[in-house]
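So this block is model_32.cif, mmCIF, C-alpha atoms:
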data_my_file
#
loop_
_atom_site.label_atom_id
_atom_site.label_comp_id
_atom_site.auth_asym_id
_atom_site.auth_seq_id
_atom_site.Cartn_x
_atom_site.Cartn_y
_atom_site.Cartn_z
CA MET A 1 -25.48 -40.25 -13.05
CA SER A 2 -22.90 -38.38 -15.08
CA LEU A 3 -19.45 -39.93 -15.28
CA PHE A 4 -17.96 -36.47 -15.46
CA ARG A 5 -18.03 -34.40 -12.30
CA PRO A 6 -17.51 -30.66 -12.58
CA ALA A 7 -14.06 -29.61 -11.48
CA LYS A 8 -13.84 -27.91 -8.13
CA PRO A 9 -13.07 -24.19 -8.34
CA THR A 10 -9.31 -23.62 -8.16
CA LEU A 11 -8.08 -21.08 -5.65
CA THR A 12 -5.38 -18.69 -6.73
CA ALA A 13 -3.51 -15.71 -5.32
CA GLY A 14 -5.60 -12.55 -5.54
CA ASP A 15 -8.95 -14.30 -5.09
CA ARG A 16 -11.39 -12.53 -2.77
CA LEU A 17 -13.97 -14.12 -0.53
CA GLU A 18 -16.20 -12.91 2.27
CA ILE A 19 -15.91 -14.11 5.86
CA ALA A 20 -17.90 -12.65 8.75
CA GLY A 21 -19.19 -10.03 6.34
CA HIS A 22 -15.70 -8.76 5.46
CA PRO A 23 -13.49 -9.22 2.38
CA VAL A 24 -10.55 -11.61 2.61
CA VAL A 25 -7.88 -11.60 -0.10
CA LEU A 26 -5.74 -14.68 -0.73
CA LYS A 27 -1.97 -14.35 -1.08
CA VAL A 28 0.94 -16.73 -1.68
CA ASN A 29 4.31 -15.90 -0.12
CA ALA A 30 7.08 -18.44 -0.66
CA ARG A 31 8.96 -17.02 2.33
CA ALA A 32 6.08 -17.67 4.72
CA ARG A 33 6.48 -20.65 7.05
CA ARG A 34 2.80 -21.13 7.78
CA VAL A 35 -0.63 -19.84 6.87
CA SER A 36 -1.45 -16.52 8.48
CA LEU A 37 -3.91 -13.64 8.61
CA ARG A 38 -3.31 -9.91 8.75
CA VAL A 39 -5.40 -6.79 8.29
CA ASP A 40 -4.64 -4.51 5.35
CA ARG A 41 -5.72 -1.17 6.75
CA VAL A 42 -5.33 0.70 3.48
CA GLY A 43 -7.30 -1.81 1.43
CA GLY A 44 -9.85 -2.35 4.18
CA HIS A 45 -9.65 -6.13 4.02
CA VAL A 46 -7.95 -9.16 5.57
CA VAL A 47 -5.08 -10.93 3.81
CA ALA A 48 -4.89 -14.72 4.18
CA THR A 49 -1.38 -15.88 3.27
CA ALA A 50 -0.17 -19.37 2.38
CA PRO A 51 3.44 -20.51 1.78
CA ARG A 52 2.47 -22.04 -1.55
CA LEU A 53 -0.46 -22.27 -3.91
CA SER A 54 -1.45 -25.77 -2.84
CA ARG A 55 -2.01 -24.55 0.73
CA LEU A 56 -4.47 -21.80 -0.14
CA PRO A 57 -7.43 -24.03 0.88
CA GLU A 58 -5.76 -24.36 4.29
CA ALA A 59 -5.48 -20.57 4.49
CA VAL A 60 -9.18 -20.24 3.66
CA ALA A 61 -10.09 -22.80 6.33
CA PHE A 62 -7.93 -20.98 8.86
CA ALA A 63 -9.64 -17.68 8.02
CA ARG A 64 -13.07 -19.26 8.50
CA GLU A 65 -11.96 -20.62 11.88
CA ARG A 66 -10.90 -17.09 12.87
CA ALA A 67 -14.13 -15.44 11.74
CA ASP A 68 -14.64 -13.83 15.18
CA TRP A 69 -11.11 -12.39 15.09
CA ILE A 70 -11.70 -11.01 11.59
CA ALA A 71 -14.96 -9.37 12.68
CA ALA A 72 -13.29 -7.81 15.73
CA GLN A 73 -10.26 -6.53 13.81
CA MET A 74 -12.26 -5.09 10.95
CA GLY A 75 -14.76 -3.55 13.33
CA ALA A 76 -11.93 -1.72 15.08
CA LEU A 77 -10.73 -0.02 11.88
CA PRO A 78 -11.47 3.70 11.64
CA ALA A 79 -14.43 4.41 9.44
CA ALA A 80 -13.76 5.94 6.05
CA GLN A 81 -14.22 9.69 6.22
CA PRO A 82 -15.26 11.87 3.30
CA LEU A 83 -12.89 14.80 2.89
CA ALA A 84 -14.38 18.12 3.92
CA PRO A 85 -13.28 21.77 4.11
CA GLY A 86 -11.42 22.40 7.34
CA ASP A 87 -9.90 18.92 7.54
CA ALA A 88 -6.25 18.87 8.55
CA LEU A 89 -3.78 16.48 6.93
CA CYS A 90 -0.03 16.03 6.84
CA LEU A 91 1.54 15.73 3.39
CA PHE A 92 5.08 14.34 3.63
CA GLY A 93 5.07 15.62 7.21
CA GLN A 94 3.90 19.14 6.34
CA PRO A 95 0.54 20.16 7.86
CA ILE A 96 -2.09 21.32 5.37
CA VAL A 97 -5.68 22.40 5.81
CA LEU A 98 -8.33 21.75 3.17
CA ALA A 99 -10.25 24.83 2.01
CA GLN A 100 -12.96 25.70 -0.49
CA ALA A 101 -12.57 28.69 -2.83
CA PRO A 102 -13.01 29.55 -6.51
CA GLY A 103 -10.13 29.24 -8.97
CA ARG A 104 -7.89 26.33 -9.74
CA ALA A 105 -7.10 23.69 -7.12
CA ARG A 106 -3.75 24.43 -5.53
CA LEU A 107 -1.47 24.28 -2.52
CA ASP A 108 -0.93 27.82 -1.35
CA PRO A 109 1.91 29.38 0.71
CA LEU A 110 -0.33 29.47 3.80
CA GLY A 111 -0.36 25.69 4.09
CA ARG A 112 -3.80 25.31 2.60
CA LEU A 113 -5.02 23.03 -0.16
CA VAL A 114 -7.65 25.15 -1.88
CA ALA A 115 -10.10 23.68 -4.38
CA PRO A 116 -13.24 24.98 -6.11
CA GLY A 117 -16.67 23.38 -6.29
CA GLU A 118 -18.83 21.57 -3.77
CA GLY A 119 -19.45 18.03 -2.61
CA GLU A 120 -17.98 15.29 -4.80
CA ALA A 121 -16.63 17.78 -7.35
CA TRP A 122 -14.68 19.53 -4.59
CA ARG A 123 -13.39 16.24 -3.17
CA ALA A 124 -12.29 15.06 -6.62
CA ALA A 125 -10.33 18.29 -7.10
CA VAL A 126 -8.69 17.84 -3.69
CA VAL A 127 -7.66 14.26 -4.46
CA ARG A 128 -6.24 15.25 -7.85
CA THR A 129 -4.15 17.93 -6.14
CA LEU A 130 -2.99 15.51 -3.45
CA LYS A 131 -2.00 12.99 -6.12
CA ARG A 132 0.05 15.61 -7.99
CA ALA A 133 1.81 16.58 -4.78
CA ALA A 134 2.36 12.92 -3.90
CA LEU A 135 3.91 12.25 -7.31
CA ALA A 136 6.27 15.19 -6.94
CA GLY A 137 7.30 14.14 -3.43
CA PHE A 138 7.77 10.47 -4.27
CA THR A 139 9.72 11.35 -7.42
CA GLU A 140 12.13 13.54 -5.47
CA ARG A 141 12.70 10.93 -2.77
CA THR A 142 13.01 8.07 -5.25
CA GLU A 143 15.56 9.97 -7.32
CA ALA A 144 17.72 10.52 -4.24
CA VAL A 145 17.69 6.82 -3.28
CA ARG A 146 18.13 5.70 -6.89
CA GLN A 147 21.32 7.75 -7.17
CA ARG A 148 22.53 6.51 -3.79
CA LEU A 149 22.14 2.90 -4.97
CA GLY A 150 23.78 3.64 -8.32
CA GLN A 151 20.75 2.67 -10.40
CA PRO A 152 19.82 4.08 -13.83
CA PRO A 153 16.94 6.55 -14.29
CA LEU A 154 13.44 5.18 -13.90
CA LYS A 155 9.80 6.18 -14.06
CA VAL A 156 7.79 7.05 -10.95
CA ALA A 157 4.00 6.96 -10.80
CA VAL A 158 1.26 7.09 -8.19
CA ALA A 159 -1.97 5.11 -8.14
CA ASP A 160 -4.80 4.20 -5.78
CA PRO A 161 -4.46 0.44 -5.29
CA ARG A 162 -6.46 -1.22 -2.53
CA ALA A 163 -4.08 -4.06 -1.80
CA ARG A 164 -0.54 -2.71 -1.82
CA TRP A 165 1.61 0.22 -0.75
CA GLY A 166 3.89 0.19 -3.77
CA SER A 167 5.33 -1.91 -6.57
CA CYS A 168 8.51 -2.05 -8.62
CA ARG A 169 8.94 -3.25 -12.18
CA GLN A 170 12.56 -3.80 -13.04
CA ALA A 171 14.01 -2.60 -16.35
CA VAL A 172 13.44 -5.07 -19.18
CA ARG A 173 14.31 -5.12 -22.89
CA GLY A 174 15.39 -1.50 -22.95
CA ALA A 175 12.33 -0.22 -21.08
CA PRO A 176 13.25 1.69 -17.91
CA ALA A 177 12.27 0.43 -14.48
CA GLN A 178 9.10 1.81 -12.93
CA ILE A 179 8.05 2.28 -9.32
CA ARG A 180 4.41 2.93 -8.47
CA TYR A 181 3.33 4.19 -5.06
CA ASN A 182 -0.01 4.30 -3.32
CA TRP A 183 -0.49 8.07 -3.17
CA ARG A 184 -2.13 7.83 0.25
CA VAL A 185 1.22 6.89 1.82
CA ALA A 186 2.20 10.55 1.26
CA LEU A 187 -0.07 11.24 4.26
CA ALA A 188 2.01 8.95 6.51
CA PRO A 189 4.90 10.17 8.70
CA PRO A 190 7.97 11.09 6.60
CA GLU A 191 10.13 8.30 8.04
CA VAL A 192 7.51 5.74 6.97
CA VAL A 193 7.53 7.25 3.47
CA ASP A 194 11.33 6.97 3.43
CA TYR A 195 11.09 3.29 4.33
CA LEU A 196 8.66 2.58 1.50
CA VAL A 197 10.87 4.40 -1.00
CA ALA A 198 13.92 2.43 0.18
CA HIS A 199 11.94 -0.81 -0.04
CA GLU A 200 10.80 -0.24 -3.61
CA CYS A 201 14.20 1.05 -4.75
CA ALA A 202 15.86 -2.05 -3.28
CA HIS A 203 13.69 -4.07 -5.67
CA LEU A 204 15.54 -2.40 -8.54
CA ILE A 205 18.45 -4.64 -7.52
CA GLU A 206 16.77 -7.62 -5.83
CA ALA A 207 13.34 -8.75 -7.02
CA ASN A 208 12.77 -10.99 -3.97
CA HIS A 209 12.73 -10.40 -0.21
CA GLY A 210 15.87 -12.38 0.57
CA PRO A 211 18.77 -11.39 2.85
CA ARG A 212 20.46 -9.31 0.13
CA PHE A 213 17.27 -7.34 -0.39
CA TRP A 214 16.92 -6.47 3.29
CA ALA A 215 20.62 -5.58 3.48
CA ILE A 216 20.03 -3.00 0.75
CA VAL A 217 17.01 -1.59 2.58
CA GLU A 218 19.02 -1.39 5.82
CA SER A 219 21.81 0.49 4.07
CA VAL A 220 19.30 3.25 3.31
CA VAL A 221 16.96 3.01 6.32
CA PRO A 222 18.63 1.27 9.29
CA ASP A 223 15.40 1.24 11.35
CA HIS A 224 13.42 -0.45 8.59
CA ALA A 225 11.89 -3.20 10.76
CA ARG A 226 10.07 -0.72 13.02
CA LEU A 227 9.00 1.46 10.11
CA ARG A 228 7.71 -1.55 8.21
CA ARG A 229 5.51 -2.42 11.20
CA GLU A 230 4.27 1.16 11.37
CA LEU A 231 3.37 1.10 7.70
CA ARG A 232 1.51 -2.21 7.98
CA GLU A 233 -0.22 -1.28 11.24
CA SER A 234 -1.08 2.30 10.41
CA THR A 235 -4.40 3.44 11.85
CA ALA A 236 -4.53 6.67 9.85
CA PRO A 237 -8.07 7.62 8.79
CA GLN A 238 -9.15 6.16 5.46
CA TRP A 239 -9.96 9.33 3.54
CA GLN A 240 -12.31 9.11 0.58
#
Can I see the file as structure tokens?
Amino acid sequence: MSLFRPAKPTLTAGDRLEIAGHPVVLKVNARARRVSLRVDRVGGHVVATAPRLSRLPEAVAFARERADWIAAQMGALPAAQPLAPGDALCLFGQPIVLAQAPGRARLDPLGRLVAPGEGEAWRAAVVRTLKRAALAGFTERTEAVRQRLGQPPLKVAVADPRARWGSCRQAVRGAPAQIRYNWRVALAPPEVVDYLVAHECAHLIEANHGPRFWAIVESVVPDHARLRRELRESTAPQWQ
């Protein structure tokens, strides 16, 4: 018998495991009072949260105990839908219809997003156009809130993360702050977009989620609690 036993795998925030056939992502939140589960509808997975790193095994055990709940919640999510000509979306609250036509991909004055090609090539062109429009819209809204909060200029970017709505990197060593948004939130109701922008801009001042942070958010979006729930519980179709 060996005197040296292999070390047990160490759990850490961001780890993914599978329970009831569905992905579960581990998270540590120092403000949490207990282990908990929630469904991330954008990422298409369950988040198991623990108050501290040492309690992640407890969060995993809790998730395994709730395997039936996970299966039911994930089964109720709308199926991912491939984008197709004729689909109707709302971009920052403005209705648009997807269309197929030669030429460059564009948003036209008739409220159409027109893109060339077929199949995956067409869908890729549509997504690129949506991302450009999302960046423009988020940049405009972020600039307005930044000025309102008296913060210096920053960089705005959009990405396609599967586990978060947005992120903020504060200015450091002369480098400007940067806020990155999940471009798909541009398809949410405008007031939900406004909440997310206020949330991320508040992080320019407060890096945590303490009382001062939420006071800043409330100064920009008084109804932030309801809008936060709407963002987290959104059942918008998961476009691909």
Min atom-atom distance to Gly117 (chain A) from the set A:Asn208, A:Gln170, A:Thr142, A:Gln100, counting only C-alpha atoms, belongs to A:Gln100
Inset, instruction - Would you write out, as a list in words, every residue that the PyMOL selection byres ((chain A and resi 191) around 10) captures in this file? - result: Phe92, Gly93, Ala188, Pro189, Pro190, Val192, Val193, Asp194, Tyr195, Leu196, Val197, Val221, Asp223, His224, Leu227, Glu230 and Leu231 of chain A
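The residue that comes closest to Phe213 (chain A), out of A:Ile179, A:Ala198, A:Leu37, A:Leu130 and on the basis of only C-alpha atoms, is A:Ala198.
Matched in the shown structure by the PyMOL selection byres ((chain A and resi 161) around 10): Val42, Gly43, Val158, Ala159, Asp160, Arg162, Ala163, Arg164, Trp165, Gly166, Arg180, Tyr181, Asn182, Trp183 and Arg184 of chain A.
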Residues near Val127 (chain A), anyone? I mean within 10 Å using only C-alpha atoms, not counting same-chain ones fewer than 3 positions away, as a count of residues only. 14
I'd like to see the residues matched by the PyMOL selection byres ((chain A and resi 58-74) around 9) on this file, and ideally I'd get them as a list of chain:residue names.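 Evaluating the PyMOL selection byres ((chain A and resi 58-74) around 9) on these coordinates yields A:Leu17, A:Ile19, A:Ala20, A:Gly21, A:His22, A:Val24, A:Leu26, A:Arg34, A:Val35, A:Ser36, A:Leu37, A:Arg38, A:Val39, A:Arg41, A:Gly44, A:His45, A:Val46, A:Ala48, A:Thr49, A:Ala50, A:Ser54, A:Arg55, A:Leu56, A:Pro57, A:Gly75, A:Ala76, A:Leu77, A:Pro78.
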